[in-house]
Amino acid sequence: MRREASRYLRENFIEHVPVFVGLVQECREKNYIKKGVPLQQLVGSFIGVVIPGVMFGVIERCGCRTFLGLPVEEFGGLLFSERGIRLRIELLFDGIGRKGGRK
């Protein structure tokens, strides 16, 4: 499964950048994002929500048994759980959101 995800990322990453740009533009139009933040910073921030998945694949392939004080499986569970994903998104919007990511 992880090899498939790695291959998919290699083959399709660049094609997803316009999707991120479209999301950023939509959020700007709806006034969800602070004014004056460069597009490149915003797109990079959104991509930052996805990168932990890539990082986990690297950690797993290195053969690490623990990472940041947790067994690798438990660390992965924190990253990929619904709560973990929501937390990363909330942190992102707290940083770039016009009202701390909340209406």
# chains A, B, ... in the order shown; residues from 1 in each chain; ligands from 1
call {"tool": "residues_around", "arguments": {"residues": "Gly77 in chain A", "least_positions_apart": "6", "cutoff": "12 Å", "atoms": "only C-alpha atoms", "output": "list of chain:residue names"}}
result
A:Pro52, A:Gly53, A:Phe56, A:Leu70, A:Pro71, A:Arg83, A:Gly84, A:Ile85
call {"tool": "select_by_dssp", "arguments": {"residues": "chain A", "states": "alpha helix (DSSP H)", "output": "ChimeraX atom specification"}}
result
/A:2-29,39-61,72-80,82-96
call {"tool": "atom_distance", "arguments": {"atom1": "CA of Asp94 in chain A", "atom2": "CA of Val24 in chain A"}}
result
15.0 Å
call {"tool": "residues_around", "arguments": {"residues": "range 74-76 of chain A", "least_positions_apart": "2", "cutoff": "12 Å", "atoms": "only C-alpha atoms", "output": "ChimeraX atom specification"}}
result
/A:52-60,64-72,78-82,84-85
call {"tool": "atom_distance", "arguments": {"atom1": "CA of Ser45 in chain A", "atom2": "CA of Val21 in chain A"}}
result
11.2 Å
